[in-house]
Amino acid sequence: MSRLYDTVEPSVIDEDMLQKAVEEQGPKDEAGKIAKAEGIDFGDVSSLRLEFKNILEIDNLWSFSCLTKLQLDNNIIEKIKGLDELVNLIWLDLSFNNIEMIEGLDKLTKLQDLTLYNNRISRIENMEKLTDLHVFSIGNNNLTDLENVVYLRRFKKLRTLNLNGNPFCEQADYKQYVIAYISSIDFLDYRLIDEQSRAAATEKYHLSIEEMLHNERQAELRQAEEKQRETEEGTHREAYVDGLNGPDLFEGMYADDTEGKKLKEMPGVDELVMTFREKFVNICKQIFDYGLQEHEKREEEVNQFWECVEEAKTENKETGMTHIENFMNMKKKIFAEMNHITDNNLLDQKVKEYNKEVTELWDKLMALELQLVDQFEEIIKDFERNLQDMGSTFIENVQGYLSQCRDLENAHHERMLEIAIITLEKFVKNELDDEISEDLRNLFVDKDTIINAVTSSHDVHLLKIDNKEDDIVTRINGWMKNSIEKIHYEQEVKRNRERVSEINNTIDHLRDEIDSLEVLQGAGY
């Protein structure tokens, strides 16, 4: 298939094209002229038209962060890309291009209207993230598989669908099939679907649709279960007890224990391991339950901390707003008086009075900020102390539980040594009732060999328990450290800097206002 840009020079989306497009589409009044003269911030633009510009590649749109409507129709675009930063996009027109595949739309979660009319697309796909889609036009493309339309069932808000001009539209049952399977739509190929057509389509495909609905419900249940499982696993990780609500730790001890796997063949070991496993897993379950309880307490402590922070900020802000409101009333009065004063001495006196009030406002706002800083310091100290106490208690109790696991392992090790010696004696006397594998037979060459094997197995088990303990202690200590550091920075450093800057900017603005008024009065206005 020939390409349009074989005869037309492709264009690049550059600064000049964007600036020109924004200026052309902006207001033509005086405000528009001022904006043009001062320069337009692309981040403020909500709508952009780039049609009929021979654009080959979508690029350089990252600064249009507030864009809600984008027209890129009637170009020579081959690939959907470069749109990831346009997260506020609601309306997108890519019709009359050379696009062959639907892609690059994952970040456009707010998109409601998508037009891909007259391209070269052969499959509807890669649109899962567009859950708010209302209007979809993909007519005049290369869609041949009518069953591919079923993909659109996932869009529960879809009301308008245009498929006209695709190869599968030539099929006799095309419209009935689409109406039956995409039951949410009200308009198909720009025509309102009447109740008679909908009823006929539903009747024709009711058996297959019922089966599909059943399959969809089952899929939704599986998805819900998977989501719940992922949520629970996430909670377990946050509680530092992941893998402790079952035999994972126990089985992990044997997973890397090559000697232990051989030793399991000794007479009486199976029963011994089963008893060991039951007791060991029971302790792990106790750690798991305790960890979840402590996690809830930590979450409650964190929530209470932020409630205290917000309460202090709200109270401080209300007091500050009262000071500002009183100042604005005073300002209004002084400005009104100044408008009627012709004596320069009186005017200077009023300016001094105003500036004095501005300084007093600055003092009050800064005093409030210092007060808030002191409050936050106390709140954070209490929170840090409580968090450290909770963390220390958690670590101490978890270590206590894991010590019980080690005690079980030590007792199991002693029994394994006893069985190994007894089995060795029977082996030497050829009194073993059952045949043993060659791997186990090689361990019975002498007493040192079998004892070393049992000891090696024991060491592997203890190492697994130690690693689990280190993992839990490291993670909770890391969480506490990061939480406190983040709070200190965001509430004591970053917030304070921003507030002080905000106060100073406000005061500077208030001083500029009186200066501007003086200039106007001096000019005779």
# chains A, B, ... in the order shown; residues from 1 in each chain; ligands from 1
>>> residues_around(residues="A:Asn142", least_positions_apart="5", cutoff="10 Å", atoms="only C-alpha atoms", output="ChimeraX atom specification")
/A:100,118-123,165-168
>>> write_last_selection(atoms="N, CA and C atoms", output="CSV table (one decimal), in the first residue's frame")
chain,number,residue,atom,x,y,z
A,100,GLU,N,-1.9,1.3,12.2
A,100,GLU,CA,-2.1,-0.1,11.9
A,100,GLU,C,-2.5,-0.8,13.2
A,118,ASN,N,-11.1,5.6,9.7
A,118,ASN,CA,-10.2,5.6,8.4
A,118,ASN,C,-8.7,5.5,8.7
A,119,ASN,N,-8.4,4.4,9.3
A,119,ASN,CA,-7.0,4.0,9.4
A,119,ASN,C,-6.7,2.6,8.8
A,120,ARG,N,-5.8,1.9,9.3
A,120,ARG,CA,-5.5,0.6,8.8
A,120,ARG,C,-5.5,-0.5,9.8
A,121,ILE,N,-6.3,-0.3,10.8
A,121,ILE,CA,-6.3,-1.2,12.0
A,121,ILE,C,-7.1,-2.5,11.7
A,122,SER,N,-6.5,-3.6,12.1
A,122,SER,CA,-7.1,-4.9,11.8
A,122,SER,C,-7.6,-5.6,13.1
A,123,ARG,N,-7.4,-5.0,14.2
A,123,ARG,CA,-7.8,-5.7,15.5
A,123,ARG,C,-8.1,-4.6,16.6
A,165,GLY,N,-18.0,0.5,7.4
A,165,GLY,CA,-16.9,0.6,6.4
A,165,GLY,C,-15.8,-0.5,6.6
A,166,ASN,N,-15.9,-1.3,7.7
A,166,ASN,CA,-15.0,-2.4,7.9
A,166,ASN,C,-15.5,-3.7,7.1
A,167,PRO,N,-14.5,-4.5,6.7
A,167,PRO,CA,-14.9,-5.7,5.9
A,167,PRO,C,-16.0,-6.6,6.5
A,168,PHE,N,-16.0,-6.7,7.9
A,168,PHE,CA,-17.0,-7.6,8.5
A,168,PHE,C,-18.4,-7.0,8.4
>>> residues_around(residues="A:Phe427", least_positions_apart="2", cutoff="12 Å", atoms="only C-alpha atoms", output="list in words")
Met266, Pro267, Ile419, Ala420, Ile421, Ile422, Thr423, Leu424, Glu425, Lys429, Asn430, Glu431, Leu432, Asp433, Asp434, Glu435, Ile436, Leu440, Arg441, Asn442, Leu443, Phe444, Val445, Asp446, Lys447 and Ile450 of chain A
>>> closest_residue(among="A:Asn162, A:Asp466, A:Gln218, A:Leu387", to="A:Asn482", atoms="only C-alpha atoms")
A:Leu387
>>> residues_around(residues="A:Ile185", least_positions_apart="3", cutoff="7 Å", atoms="only C-alpha atoms", output="PyMOL selection string")
chain A and resi 158-161+182
>>> closest_residue(among="A:Val493, A:Cys66, A:Leu361, A:Ala200", to="A:Asp508", atoms="only C-alpha atoms")
A:Leu361
>>> atom_distance(atom1="atom CA of A:Asp145", atom2="atom CA of A:Ile90")
28.4 Å
>>> closest_residue(among="A:Ile80, A:Val398, A:Val241, A:Leu207", to="A:Asp59", atoms="only C-alpha atoms")
A:Ile80
>>> select_by_dssp(residues="stretch 56-253 of chain A", states="strand (DSSP E)", output="PyMOL selection string")
chain A and resi 56-57+69-71+91-93+113-115+135-137+160-162+187-188+191-192
>>> select_by_dssp(residues="stretch 59-290 of chain A", states="alpha helix (DSSP H)", output="ChimeraX atom specification")
/A:174-181,195-204,206-238,248-255,258-263,269-290
>>> atom_distance(atom1="atom CA of A:Ile503", atom2="atom CA of A:Gln491")
16.7 Å
>>> closest_residue(among="A:Arg298, A:Lys81, A:Lys381, A:His458", to="A:Ala411", atoms="only C-alpha atoms")
A:His458
>>> residues_around(residues="A:Gly391", least_positions_apart="4", cutoff="8 Å", atoms="only C-alpha atoms", output="list in words")
Leu387, Ile395, Ile476, Asn477 and Met480 of chain A
